[in-house]
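Novice: CSV, C-alpha atoms (C1' of nucleotides), file entry37.csv:
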```csv
chain,number,residue,atom,x,y,z
A,127,MET,CA,-9.4,-39.9,38.1
A,128,GLU,CA,-7.5,-37.4,40.1
A,129,ASP,CA,-4.3,-39.0,39.0
A,130,ARG,CA,-4.9,-37.8,35.5
A,131,ARG,CA,-5.2,-34.2,36.6
A,132,GLN,CA,-1.9,-34.5,38.4
A,133,LYS,CA,-0.2,-36.0,35.4
A,134,ILE,CA,-1.5,-33.2,33.1
A,135,VAL,CA,-0.4,-30.5,35.5
A,136,GLU,CA,3.0,-32.0,35.8
A,137,ALA,CA,3.4,-32.2,32.0
A,138,GLY,CA,2.4,-28.5,31.7
A,139,LEU,CA,5.0,-27.6,34.2
A,140,GLN,CA,7.6,-29.5,32.4
A,141,VAL,CA,6.8,-27.7,29.1
A,142,LEU,CA,7.3,-24.4,30.8
A,143,ARG,CA,10.6,-25.5,32.3
A,144,GLU,CA,12.0,-26.7,29.0
A,145,PHE,CA,10.5,-24.5,26.4
A,146,GLY,CA,9.0,-21.5,28.1
A,147,TYR,CA,5.6,-19.8,28.0
A,148,SER,CA,5.3,-19.7,24.2
A,149,ALA,CA,5.3,-23.5,24.1
A,150,PHE,CA,2.5,-23.8,26.6
A,151,THR,CA,-0.1,-25.3,24.3
A,152,GLN,CA,-2.6,-28.1,24.8
A,153,PRO,CA,-1.3,-30.3,22.0
A,154,ARG,CA,2.3,-30.2,23.4
A,155,ILE,CA,1.1,-31.0,26.9
A,156,ALA,CA,-1.2,-33.7,25.7
A,157,ALA,CA,1.6,-35.4,23.7
A,158,LEU,CA,3.7,-35.5,26.9
A,159,THR,CA,1.0,-37.3,28.8
A,160,GLY,CA,-0.1,-39.7,26.0
A,161,LEU,CA,-3.6,-38.2,26.1
A,162,ARG,CA,-5.5,-36.6,23.3
A,163,GLN,CA,-5.7,-32.8,23.3
A,164,SER,CA,-9.4,-33.0,23.4
A,165,HIS,CA,-9.1,-35.1,26.5
A,166,LEU,CA,-7.3,-32.3,28.4
A,167,THR,CA,-10.3,-30.1,28.0
A,168,TYR,CA,-12.4,-32.6,30.0
A,169,TYR,CA,-10.2,-32.1,33.1
A,170,PHE,CA,-9.5,-28.4,32.3
A,171,PRO,CA,-12.3,-26.9,30.2
A,172,THR,CA,-10.2,-24.0,29.0
A,173,ARG,CA,-6.6,-23.2,28.5
A,174,ALA,CA,-6.8,-20.6,31.3
A,175,ASP,CA,-8.0,-23.2,33.8
A,176,LEU,CA,-5.0,-25.4,33.0
A,177,LEU,CA,-2.6,-22.5,33.2
A,178,GLU,CA,-3.9,-21.6,36.6
A,179,ALA,CA,-3.5,-25.1,37.9
A,180,VAL,CA,0.0,-25.3,36.5
A,181,ALA,CA,0.9,-21.9,38.0
A,182,ARG,CA,-0.1,-23.0,41.4
A,183,ALA,CA,1.9,-26.2,41.1
A,184,ALA,CA,4.9,-24.1,39.9
A,185,VAL,CA,4.8,-21.9,42.9
A,186,GLU,CA,4.6,-24.9,45.2
A,187,ALA,CA,7.5,-26.5,43.5
A,188,GLN,CA,9.7,-23.4,43.5
A,189,LEU,CA,9.1,-22.8,47.2
A,190,ALA,CA,9.8,-26.4,48.1
A,191,ALA,CA,13.1,-26.3,46.1
A,192,LEU,CA,14.2,-23.1,47.7
A,193,GLY,CA,13.3,-24.4,51.1
A,194,ALA,CA,15.3,-27.6,50.6
A,195,ALA,CA,18.3,-25.6,49.3
A,196,LEU,CA,18.2,-23.3,52.2
A,197,SER,CA,17.9,-26.0,54.8
A,198,SER,CA,20.9,-27.8,53.3
A,199,GLY,CA,23.1,-25.5,55.4
A,200,ALA,CA,24.8,-23.8,52.4
A,201,GLU,CA,25.6,-20.1,52.4
A,202,LEU,CA,22.7,-17.9,51.3
A,203,SER,CA,24.8,-16.4,48.5
A,204,ALA,CA,25.7,-19.9,47.2
A,205,VAL,CA,22.0,-21.0,47.3
A,206,LEU,CA,21.0,-17.8,45.4
A,207,GLY,CA,23.7,-18.3,42.8
A,208,ALA,CA,22.6,-21.9,42.2
A,209,MET,CA,18.9,-20.8,41.9
A,210,VAL,CA,19.8,-18.1,39.4
A,211,ALA,CA,21.7,-20.6,37.3
A,212,ARG,CA,18.7,-22.9,36.9
A,213,HIS,CA,17.3,-21.7,33.6
A,214,ASP,CA,14.3,-24.0,33.9
A,215,ASN,CA,13.3,-22.1,37.1
A,216,THR,CA,13.8,-18.8,35.2
A,217,ARG,CA,11.6,-19.9,32.4
A,218,VAL,CA,8.8,-20.8,34.8
A,219,LEU,CA,9.2,-17.5,36.6
A,220,MET,CA,9.0,-15.5,33.4
A,221,ALA,CA,6.0,-17.5,32.3
A,222,LEU,CA,4.2,-16.7,35.5
A,223,ALA,CA,5.1,-13.0,35.3
A,224,GLN,CA,3.9,-12.8,31.7
A,225,ALA,CA,0.7,-14.6,32.5
A,226,ALA,CA,0.1,-12.4,35.6
A,227,ASP,CA,0.5,-9.3,33.4
A,228,GLN,CA,-2.2,-10.5,31.0
A,229,GLU,CA,-4.6,-12.3,33.4
A,230,PRO,CA,-5.3,-10.5,36.7
A,231,ALA,CA,-6.5,-13.8,38.2
A,232,LEU,CA,-2.9,-15.0,38.2
A,233,ARG,CA,-1.5,-12.0,40.0
A,234,THR,CA,-2.5,-13.5,43.3
A,235,ILE,CA,-0.5,-16.7,42.5
A,236,PHE,CA,2.5,-14.7,41.6
A,237,ARG,CA,2.2,-12.7,44.8
A,238,ASP,CA,2.2,-16.0,46.7
A,239,LEU,CA,5.5,-16.9,45.1
A,240,THR,CA,7.0,-13.6,45.8
A,241,THR,CA,5.9,-13.6,49.4
A,242,GLY,CA,7.1,-17.1,50.0
A,243,ILE,CA,10.5,-16.4,48.6
A,244,VAL,CA,11.0,-13.2,50.6
A,245,GLU,CA,9.9,-15.0,53.8
A,246,ARG,CA,12.3,-17.8,53.3
A,247,VAL,CA,15.2,-15.5,52.3
A,248,SER,CA,14.6,-13.1,55.1
A,249,GLY,CA,15.0,-15.8,57.8
A,250,ARG,CA,18.6,-16.2,56.6
A,251,LEU,CA,19.6,-12.5,56.6
A,252,PRO,CA,21.7,-10.9,59.4
A,253,ALA,CA,19.5,-9.6,62.2
A,254,ALA,CA,20.7,-6.1,61.5
A,255,ALA,CA,19.3,-6.2,57.9
A,256,THR,CA,16.6,-3.7,57.2
A,257,ASP,CA,12.9,-4.6,56.6
A,258,ALA,CA,13.2,-4.3,52.8
A,259,ALA,CA,16.4,-6.5,52.6
A,260,GLY,CA,14.4,-9.6,51.7
A,261,ASP,CA,12.7,-7.8,48.9
A,262,PHE,CA,16.1,-6.5,47.8
A,263,ILE,CA,17.7,-9.9,47.6
A,264,HIS,CA,14.7,-11.3,45.8
A,265,ALA,CA,14.6,-8.6,43.2
A,266,LEU,CA,18.3,-8.9,42.6
A,267,GLY,CA,17.9,-12.7,42.1
A,268,VAL,CA,15.1,-12.3,39.7
A,269,GLY,CA,17.1,-9.8,37.6
A,270,LEU,CA,20.2,-11.9,37.6
A,271,ALA,CA,18.3,-14.9,36.5
A,272,VAL,CA,16.6,-13.2,33.6
A,273,ILE,CA,19.8,-11.6,32.4
A,274,GLU,CA,21.7,-14.9,32.7
A,275,LEU,CA,19.1,-16.8,30.8
A,276,ALA,CA,19.1,-14.2,27.9
A,277,ILE,CA,22.8,-13.6,27.7
A,278,GLY,CA,23.8,-17.2,28.0
A,279,ARG,CA,26.8,-18.8,29.5
A,280,PRO,CA,29.6,-18.2,30.3
A,281,ASP,CA,29.2,-14.5,30.2
A,282,GLY,CA,26.0,-14.5,32.3
A,283,ALA,CA,27.4,-16.8,35.0
A,284,ALA,CA,30.5,-14.6,35.6
A,285,ARG,CA,28.4,-11.5,35.8
A,286,THR,CA,26.1,-13.1,38.3
A,287,GLN,CA,29.0,-14.1,40.6
A,288,ALA,CA,30.5,-10.7,40.5
A,289,VAL,CA,27.2,-9.0,41.3
A,290,LEU,CA,26.4,-11.4,44.1
A,291,GLN,CA,29.7,-10.6,45.7
A,292,VAL,CA,29.0,-6.9,45.6
A,293,ALA,CA,25.5,-7.3,47.1
A,294,PHE,CA,26.5,-9.6,50.0
A,295,ARG,CA,29.5,-7.5,50.9
A,296,HIS,CA,27.0,-4.7,51.6
A,297,LEU,CA,24.7,-6.8,53.6
A,298,GLY,CA,27.5,-8.1,55.7
B,32,MET,CA,9.9,1.5,0.0
B,33,GLU,CA,12.1,1.7,3.0
B,34,ASP,CA,9.3,3.7,4.7
B,35,ARG,CA,7.1,0.6,4.8
B,36,ARG,CA,9.8,-1.4,6.6
B,37,GLN,CA,10.1,1.3,9.2
B,38,LYS,CA,6.3,1.4,9.7
B,39,ILE,CA,6.1,-2.4,10.2
B,40,VAL,CA,9.0,-2.5,12.7
B,41,GLU,CA,7.4,0.4,14.6
B,42,ALA,CA,4.1,-1.5,14.7
B,43,GLY,CA,5.8,-4.6,15.9
B,44,LEU,CA,7.4,-2.7,18.7
B,45,GLN,CA,4.1,-1.2,19.7
B,46,VAL,CA,2.5,-4.7,20.0
B,47,LEU,CA,5.3,-5.8,22.3
B,48,ARG,CA,4.9,-2.7,24.4
B,49,GLU,CA,1.2,-3.0,24.8
B,50,PHE,CA,0.5,-6.7,24.8
B,51,GLY,CA,3.8,-8.5,25.2
B,52,TYR,CA,5.6,-11.3,23.4
B,53,SER,CA,2.6,-13.6,23.1
B,54,ALA,CA,0.8,-11.0,20.9
B,55,PHE,CA,3.7,-10.7,18.5
B,56,THR,CA,2.0,-12.1,15.5
B,57,GLN,CA,1.9,-11.1,11.8
B,58,PRO,CA,-1.8,-10.6,11.7
B,59,ARG,CA,-1.8,-8.2,14.6
B,60,ILE,CA,1.1,-6.2,13.4
B,61,ALA,CA,-0.3,-6.1,9.9
B,62,ALA,CA,-3.6,-4.8,11.2
B,63,LEU,CA,-1.8,-1.9,13.0
B,64,THR,CA,-0.1,-0.8,9.8
B,65,GLY,CA,-3.1,-1.3,7.5
B,66,LEU,CA,-1.2,-3.8,5.4
B,67,ARG,CA,-2.2,-7.4,4.7
B,68,GLN,CA,-0.4,-10.1,6.7
B,69,SER,CA,0.9,-11.6,3.5
B,70,HIS,CA,2.4,-8.3,2.6
B,71,LEU,CA,4.6,-8.3,5.7
B,72,THR,CA,6.3,-11.4,4.4
B,73,TYR,CA,7.5,-9.4,1.4
B,74,TYR,CA,9.5,-7.1,3.6
B,75,PHE,CA,10.3,-9.8,6.2
B,76,PRO,CA,10.2,-13.2,4.7
B,77,THR,CA,9.9,-15.0,8.0
B,78,ARG,CA,8.6,-14.2,11.5
B,79,ALA,CA,12.2,-14.5,12.8
B,80,ASP,CA,13.4,-11.9,10.4
B,81,LEU,CA,10.8,-9.4,11.6
B,82,LEU,CA,11.5,-10.2,15.2
B,83,GLU,CA,15.1,-9.6,14.7
B,84,ALA,CA,14.5,-6.2,13.2
B,85,VAL,CA,12.0,-5.3,15.9
B,86,ALA,CA,14.5,-6.4,18.6
B,87,ARG,CA,17.2,-4.1,17.2
B,88,ALA,CA,14.8,-1.2,17.1
B,89,ALA,CA,13.7,-2.0,20.7
B,90,VAL,CA,17.3,-1.9,22.0
B,91,GLU,CA,17.9,1.4,20.2
B,92,ALA,CA,14.7,2.9,21.6
B,93,GLN,CA,15.4,1.7,25.2
B,94,LEU,CA,18.9,3.1,25.2
B,95,ALA,CA,17.8,6.4,23.7
B,96,ALA,CA,15.1,6.7,26.4
B,97,LEU,CA,17.6,5.9,29.2
B,98,GLY,CA,20.1,8.3,27.8
B,99,ALA,CA,17.6,11.1,27.7
B,100,ALA,CA,16.4,10.4,31.2
B,101,LEU,CA,19.9,10.4,32.6
B,102,SER,CA,20.9,13.6,30.9
B,103,SER,CA,17.9,15.4,32.3
B,104,GLY,CA,19.9,15.9,35.4
B,105,ALA,CA,17.6,13.9,37.7
B,106,GLU,CA,19.0,11.6,40.4
B,107,LEU,CA,20.0,8.2,39.3
B,108,SER,CA,17.7,6.5,41.8
B,109,ALA,CA,14.8,8.6,40.5
B,110,VAL,CA,15.6,7.7,36.9
B,111,LEU,CA,15.8,4.1,37.7
B,112,GLY,CA,12.5,4.2,39.6
B,113,ALA,CA,10.8,5.8,36.6
B,114,MET,CA,12.2,3.2,34.2
B,115,VAL,CA,11.1,0.3,36.4
B,116,ALA,CA,7.5,1.7,36.5
B,117,ARG,CA,7.2,1.8,32.7
B,118,HIS,CA,5.5,-1.5,32.2
B,119,ASP,CA,5.7,-1.2,28.4
B,120,ASN,CA,9.5,-1.1,28.7
B,121,THR,CA,9.3,-4.2,30.9
B,122,ARG,CA,7.2,-6.1,28.4
B,123,VAL,CA,9.7,-5.4,25.7
B,124,LEU,CA,12.6,-6.5,27.9
B,125,MET,CA,10.9,-9.7,28.8
B,126,ALA,CA,10.1,-10.4,25.1
B,127,LEU,CA,13.7,-9.9,24.2
B,128,ALA,CA,14.8,-12.2,27.0
B,129,GLN,CA,12.4,-14.9,26.0
B,130,ALA,CA,13.3,-14.6,22.3
B,131,ALA,CA,17.0,-14.7,23.2
B,132,ASP,CA,16.5,-17.8,25.2
B,133,GLN,CA,14.9,-19.6,22.2
B,134,GLU,CA,16.9,-18.1,19.4
B,135,PRO,CA,20.7,-17.8,19.9
B,136,ALA,CA,20.8,-15.2,17.1
B,137,LEU,CA,19.0,-12.8,19.3
B,138,ARG,CA,21.4,-13.2,22.2
B,139,THR,CA,23.8,-10.7,20.6
B,140,ILE,CA,21.1,-8.1,20.5
B,141,PHE,CA,20.2,-8.7,24.1
B,142,ARG,CA,23.8,-8.3,25.0
B,143,ASP,CA,23.9,-5.0,23.3
B,144,LEU,CA,21.1,-3.8,25.4
B,145,THR,CA,22.7,-5.0,28.6
B,146,THR,CA,26.1,-3.5,27.7
B,147,GLY,CA,24.5,-0.2,26.7
B,148,ILE,CA,22.5,0.1,29.9
B,149,VAL,CA,25.4,-0.8,32.2
B,150,GLU,CA,27.7,1.7,30.4
B,151,ARG,CA,25.2,4.5,30.8
B,152,VAL,CA,24.5,3.7,34.4
B,153,SER,CA,28.1,3.3,35.4
B,154,GLY,CA,28.9,6.8,34.3
B,155,ARG,CA,26.6,8.0,36.9
B,156,LEU,CA,27.9,6.0,39.9
B,157,PRO,CA,30.2,7.3,42.6
B,158,ALA,CA,33.9,7.0,41.5
B,159,ALA,CA,34.5,4.7,44.5
B,160,ALA,CA,32.0,2.2,43.2
B,161,THR,CA,33.4,-1.2,42.3
B,162,ASP,CA,33.7,-2.5,38.8
B,163,ALA,CA,30.5,-4.7,39.1
B,164,ALA,CA,28.4,-1.9,40.5
B,165,GLY,CA,26.9,-1.1,37.1
B,166,ASP,CA,25.9,-4.7,36.6
B,167,PHE,CA,24.5,-4.7,40.1
B,168,ILE,CA,22.2,-1.7,39.5
B,169,HIS,CA,21.1,-3.1,36.2
B,170,ALA,CA,20.2,-6.5,37.5
B,171,LEU,CA,18.3,-4.9,40.4
B,172,GLY,CA,16.4,-2.7,38.0
B,173,VAL,CA,15.5,-5.7,35.8
B,174,GLY,CA,14.3,-7.7,38.8
B,175,LEU,CA,12.2,-4.9,40.2
B,176,ALA,CA,10.6,-4.2,36.8
B,177,VAL,CA,9.6,-7.8,36.3
B,178,ILE,CA,8.1,-8.1,39.8
B,179,GLU,CA,6.3,-4.8,39.6
B,180,LEU,CA,4.8,-5.8,36.3
B,181,ALA,CA,3.5,-9.1,37.6
B,182,ILE,CA,2.4,-8.0,41.1
B,183,GLY,CA,0.7,-4.9,39.9
B,184,ARG,CA,0.2,-1.6,41.6
B,185,PRO,CA,0.1,-0.3,44.2
B,186,ASP,CA,2.0,-3.1,45.9
B,187,GLY,CA,4.7,-3.3,43.4
B,188,ALA,CA,5.4,0.4,43.3
B,189,ALA,CA,5.8,0.6,47.1
B,190,ARG,CA,8.1,-2.4,47.1
B,191,THR,CA,10.3,-0.9,44.4
B,192,GLN,CA,10.7,2.4,46.3
B,193,ALA,CA,11.8,0.6,49.5
B,194,VAL,CA,14.3,-1.6,47.7
B,195,LEU,CA,15.8,1.3,45.7
B,196,GLN,CA,16.4,3.1,49.0
B,197,VAL,CA,18.2,0.1,50.5
B,198,ALA,CA,20.4,-0.3,47.4
B,199,PHE,CA,21.4,3.4,47.0
B,200,ARG,CA,22.1,3.8,50.7
B,201,HIS,CA,24.7,1.1,50.2
B,202,LEU,CA,26.2,2.7,47.1
B,203,GLY,CA,26.4,6.0,48.8
C,217,DG,C1',-18.3,-40.1,34.1
C,218,DT,C1',-14.7,-40.6,30.6
C,219,DC,C1',-13.0,-39.9,26.2
C,220,DT,C1',-12.7,-38.5,21.0
C,221,DA,C1',-13.9,-36.8,16.4
C,222,DT,C1',-14.5,-32.7,14.5
C,223,DA,C1',-15.5,-27.8,14.1
C,224,DG,C1',-13.9,-23.0,14.2
C,225,DA,C1',-10.3,-19.7,14.8
C,226,DT,C1',-5.7,-18.0,14.0
C,227,DA,C1',-0.9,-18.6,12.8
C,228,DG,C1',3.0,-18.4,9.1
C,229,DA,C1',4.6,-19.1,4.4
C,230,DT,C1',4.2,-19.6,-0.7
C,231,DA,C1',3.0,-19.2,-5.4
C,232,DG,C1',1.6,-16.2,-8.4
C,233,DA,C1',-1.1,-11.8,-10.0
C,234,DC,C1',-0.3,-7.1,-11.4
D,27,DG,C1',9.4,-4.6,-7.6
D,28,DT,C1',5.0,-4.6,-5.0
D,29,DC,C1',1.2,-6.8,-3.3
D,30,DT,C1',-2.5,-10.5,-2.3
D,31,DA,C1',-5.2,-14.9,-2.6
D,32,DT,C1',-4.6,-19.1,-0.8
D,33,DC,C1',-2.5,-23.3,1.2
D,34,DT,C1',-1.0,-25.7,5.3
D,35,DA,C1',-0.1,-26.1,10.1
D,36,DT,C1',-1.5,-25.5,14.7
D,37,DC,C1',-4.3,-24.0,18.4
D,38,DT,C1',-8.7,-24.0,21.4
D,39,DA,C1',-13.3,-25.5,22.2
D,40,DT,C1',-17.6,-28.2,21.5
D,41,DA,C1',-20.8,-31.7,20.5
D,42,DG,C1',-21.5,-36.1,21.0
D,43,DA,C1',-19.9,-41.3,21.3
D,44,DC,C1',-19.2,-45.0,24.6
```
Would you mind writing the file out in structure tokens?
Specialist:
Amino acid sequence: MEDRRQKIVEAGLQVLREFGYSAFTQPRIAALTGLRQSHLTYYFPTRADLLEAVARAAVEAQLAALGAALSSGAELSAVLGAMVARHDNTRVLMALAQAADQEPALRTIFRDLTTGIVERVSGRLPAAATDAAGDFIHALGVGLAVIELAIGRPDGAARTQAVLQVAFRHLG
Amino acid sequence: MEDRRQKIVEAGLQVLREFGYSAFTQPRIAALTGLRQSHLTYYFPTRADLLEAVARAAVEAQLAALGAALSSGAELSAVLGAMVARHDNTRVLMALAQAADQEPALRTIFRDLTTGIVERVSGRLPAAATDAAGDFIHALGVGLAVIELAIGRPDGAARTQAVLQVAFRHLG
DNA sequence: GTCTATAGATAGATAGAC
DNA sequence: GTCTATCTATCTATAGAC
């Protein structure tokens, strides 16, 4: 049943969000779905197959969330600040980056995420902004998210706010 | 012997540099030193103990490398570009971030790294630069490094160069 | 086609040999 | 004090039951 596949992928994504890449194991994911571990391998023969499916779902979810936040009418800087503060997002992002580093097949998926974010962000930048401004904002967001995750609150949050102010003052 | 401890920590760091956090296992590290896995646990009773020691050594090494690069007289933007391109650095950075997220005891160590980088970078910024400019440059560098690692060359490298130009034009 | 028992590999930690 | 054989836990994959 296709429904099962969906459930499994959703569980895999949840594991990444809550516990990060190192917790991405079949037993953990299986426990979340109520299935046996050996059952997972029927739908996804290898761990890599499952990871690829979860990565695609992750990209889709991230882009949808960003799209929704942007179309809410809030300021770009506010939207960015909120995304950076979502540690579950950051865990997924880092998992994708790590996986892409190890498995070239996943690089394409990570590229899709990057392209999608830059596209959506660029549409919100001042017309005068240079071509690389979208990449610039994206990279800044990624860096802030990683640092805030690792440093922890409240230090990280304050740092993020100050940096975003600097960046957006420059962009106008 | 203290020499053994040093050797083990060095091997652990090398594993992080080459293969990332998911490869940080006692068997792998032991193989690199020629010791038995069970021997490692004499010097570092638990995996967490070893990780902590390796994390401290990593911070020290990263800061030393940055210091050396900065005092070479090269432009700050060039130094930053070179650091971002060092994927082994990025793997270590991501390992520290991931570990800090899971183990609060490691957050302090990650903070030391952040503080050290920001200090060293800030000393090279224009006097007119605002207080958060060091954090800004640091976050941008982290983001660029992660993206370049995951996207791979040559796409990542070109993107990095374009973004650095944008950023440094603003800083003057 | 759907599911599970079980094998095979690898991880971390301990008790104990020297 | 230094080192290792070994136990236990956990992970992935396969062969085969229904």
Novice: Tell me the residues of chain C close to chain B, meaning within 12 Å using all atoms listed in the file, as a PyMOL selection string.
Specialist: chain C and resi 226-231
Novice: Within 12 Å of chain A, which residues of chain D show up when using all atoms listed in the file, listed as a PyMOL selection string?
Specialist: chain D and resi 36-41
Novice: Find, counting all atoms listed in the file, the residue in B:Arg142, B:Arg155, B:Arg48, B:His70 that gets nearest to chain A.
Specialist: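 Checking each of B:Arg142, B:Arg155, B:Arg48, B:His70 against chain A, counting all atoms listed in the file, the winner is B:Arg142.
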Novice: Quick one, how far is CA of Phe199 in chain B from CA of Leu266 in chain A?
Specialist: 13.4 Å
Novice: Please, which residues in chain A fall within 9 Å of chain B when counting all atoms listed in the file, and what is the closest atom pair and distance in Å to one decimal for each, ordered by chain then residue number, as a Markdown table?
Specialist:
```
| residue | atom | partner | partner_atom | distance |
| --- | --- | --- | --- | --- |
| A:Phe145 | CA | B:Gln133 | CA | 7.8 |
| A:Gly146 | CA | B:Gln129 | CA | 7.7 |
| A:Tyr147 | CA | B:Ser53 | CA | 8.5 |
| A:Ser148 | CA | B:Ser53 | CA | 6.8 |
| A:Arg217 | CA | B:Gln129 | CA | 8.2 |
| A:Met220 | CA | B:Met125 | CA | 7.6 |
| A:Leu222 | CA | B:Ala181 | CA | 7.9 |
| A:Ala223 | CA | B:Ala181 | CA | 4.8 |
| A:Gln224 | CA | B:Ala181 | CA | 7.0 |
| A:Ala225 | CA | B:Ala181 | CA | 8.0 |
| A:Ala226 | CA | B:Ala181 | CA | 5.1 |
| A:Asp227 | CA | B:Ala181 | CA | 5.2 |
| A:Gln228 | CA | B:Phe50 | CA | 7.8 |
| A:Pro230 | CA | B:Gly183 | CA | 8.8 |
| A:Leu232 | CA | B:Ala181 | CA | 8.7 |
| A:Arg233 | CA | B:Ile182 | CA | 5.7 |
| A:Thr234 | CA | B:Ile182 | CA | 7.7 |
| A:Phe236 | CA | B:Ile182 | CA | 6.7 |
| A:Arg237 | CA | B:Ile182 | CA | 6.0 |
| A:Thr240 | CA | B:Ile178 | CA | 8.2 |
| A:Thr256 | CA | B:Val197 | CA | 7.9 |
| A:Asp257 | CA | B:Ala193 | CA | 8.9 |
| A:Ala258 | CA | B:Val194 | CA | 5.9 |
| A:Ala259 | CA | B:Val197 | CA | 7.2 |
| A:Gly260 | CA | B:Val194 | CA | 8.9 |
| A:Asp261 | CA | B:Val194 | CA | 6.5 |
| A:Phe262 | CA | B:Val194 | CA | 5.2 |
| A:Ile263 | CA | B:Leu171 | CA | 8.8 |
| A:His264 | CA | B:Gly174 | CA | 7.9 |
| A:Ala265 | CA | B:Gly174 | CA | 4.5 |
| A:Leu266 | CA | B:Leu171 | CA | 4.6 |
| A:Gly267 | CA | B:Gly174 | CA | 7.0 |
| A:Val268 | CA | B:Gly174 | CA | 4.8 |
| A:Gly269 | CA | B:Gly174 | CA | 3.7 |
| A:Leu270 | CA | B:Ala170 | CA | 5.4 |
| A:Ala271 | CA | B:Gly174 | CA | 8.6 |
| A:Val272 | CA | B:Ala128 | CA | 6.9 |
| A:Ile273 | CA | B:Ala170 | CA | 7.2 |
| A:Leu275 | CA | B:Asp132 | CA | 6.3 |
| A:Ala276 | CA | B:Ala128 | CA | 4.8 |
| A:Ile277 | CA | B:Arg138 | CA | 5.7 |
| A:Gly278 | CA | B:Arg138 | CA | 7.4 |
| A:Arg285 | CA | B:Asp166 | CA | 7.3 |
| A:Thr286 | CA | B:Asp166 | CA | 8.6 |
| A:Ala288 | CA | B:Ala163 | CA | 6.2 |
| A:Val289 | CA | B:Phe167 | CA | 5.2 |
| A:Leu290 | CA | B:Phe167 | CA | 8.0 |
| A:Gln291 | CA | B:Ala163 | CA | 8.9 |
| A:Val292 | CA | B:Ala163 | CA | 7.0 |
| A:Ala293 | CA | B:Phe167 | CA | 7.5 |
| A:His296 | CA | B:His201 | CA | 6.4 |
| A:Leu297 | CA | B:His201 | CA | 8.6 |
```
Novice: How far is it from CA of Leu192 in chain A to CA of Ala208 in chain A, in Å with one decimal?
Specialist: 10.1 Å
Novice: Hey, what's within 12 Å of DG42 in chain D if we count only C-alpha atoms (C1' of nucleotides) and toss same-chain stuff fewer than 5 positions away? As an MDAnalysis selection string, please?
Specialist: chainID C and resid 219:222
Novice: For CA of Ala189 in chain B and CA of Val210 in chain A, quote the distance in Å rounded to one decimal.
Specialist: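 Rounded to one decimal, the two atoms are 24.6 Å apart.
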Novice: Which residues are near Arg246 in chain A? Cut-off 9 Å, all atoms listed in the file, ignore same chain within fewer than 2 positions. Put them as number ranges by chain.
Specialist: A: 189, 192-193, 196, 241-244, 248-250, 260
Novice: Would you please work out which residue, of B:Ala116, B:Ala79, B:Leu44, B:Ala109, is nearest to Glu91 in chain B when using only C-alpha atoms?
Specialist: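 Ranking B:Ala116, B:Ala79, B:Leu44, B:Ala109 by distance to Glu91 in chain B, first place goes to B:Leu44.
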Novice: Within 9 Å of (0.6, -9.5, -2.6), all atoms listed in the file: residues as a ChimeraX atom specification?
Specialist: /B:67,69-70,73 /C:232-233 /D:28-31
Novice: Using all atoms listed in the file, which residues sit within 8 Å of Ala184 in chain A once same-chain residues fewer than 3 positions away are excluded, as an MDAnalysis selection string?
Specialist: chainID A and resid 139 180:181 187:188 218
Novice: Can you tell me which residues surround Gln37 in chain B at a distance of at most 10 Å, considering all atoms listed in the file, apart from same-chain residues fewer than 6 positions away, and format the answer as a compact mmCIF listing (two decimals) with C-alpha atoms, in the frame of the given file?
Specialist:
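Contents of result-v2.txt, as written:
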```txt
# COMPACT_ATOMS: atom_id res chain seq x y z
CA GLY B 43 5.80 -4.60 15.90
CA ALA B 84 14.50 -6.20 13.20
CA VAL B 85 12.00 -5.30 15.90
CA ALA B 88 14.80 -1.20 17.10
```
Novice: Atoms are missing here; could range 260-268 of chain A be completed with N, CA and C atoms and written as an mmCIF file, keeping the file's coordinate frame?
Specialist:
```
data_model
loop_
_atom_site.group_PDB
_atom_site.id
_atom_site.type_symbol
_atom_site.label_atom_id
_atom_site.label_comp_id
_atom_site.auth_asym_id
_atom_site.auth_seq_id
_atom_site.Cartn_x
_atom_site.Cartn_y
_atom_site.Cartn_z
ATOM 1 N N GLY A 260 14.922 -8.378 52.371
ATOM 2 C CA GLY A 260 14.400 -9.600 51.700
ATOM 3 C C GLY A 260 13.937 -9.293 50.316
ATOM 4 N N ASP A 261 13.152 -8.234 50.184
ATOM 5 C CA ASP A 261 12.700 -7.800 48.900
ATOM 6 C C ASP A 261 13.878 -7.484 47.960
ATOM 7 N N PHE A 262 14.863 -6.876 48.561
ATOM 8 C CA PHE A 262 16.100 -6.500 47.800
ATOM 9 C C PHE A 262 16.772 -7.698 47.229
ATOM 10 N N ILE A 263 17.023 -8.680 48.069
ATOM 11 C CA ILE A 263 17.700 -9.900 47.600
ATOM 12 C C ILE A 263 16.855 -10.613 46.547
ATOM 13 N N HIS A 264 15.575 -10.644 46.786
ATOM 14 C CA HIS A 264 14.700 -11.300 45.800
ATOM 15 C C HIS A 264 14.735 -10.648 44.459
ATOM 16 N N ALA A 265 14.599 -9.338 44.451
ATOM 17 C CA ALA A 265 14.600 -8.600 43.200
ATOM 18 C C ALA A 265 15.933 -8.799 42.460
ATOM 19 N N LEU A 266 17.000 -8.764 43.200
ATOM 20 C CA LEU A 266 18.300 -8.900 42.600
ATOM 21 C C LEU A 266 18.418 -10.335 41.965
ATOM 22 N N GLY A 267 17.928 -11.328 42.668
ATOM 23 C CA GLY A 267 17.900 -12.700 42.100
ATOM 24 C C GLY A 267 17.137 -12.815 40.863
ATOM 25 N N VAL A 268 15.971 -12.225 40.855
ATOM 26 C CA VAL A 268 15.100 -12.300 39.700
ATOM 27 C C VAL A 268 15.820 -11.635 38.471
#
```
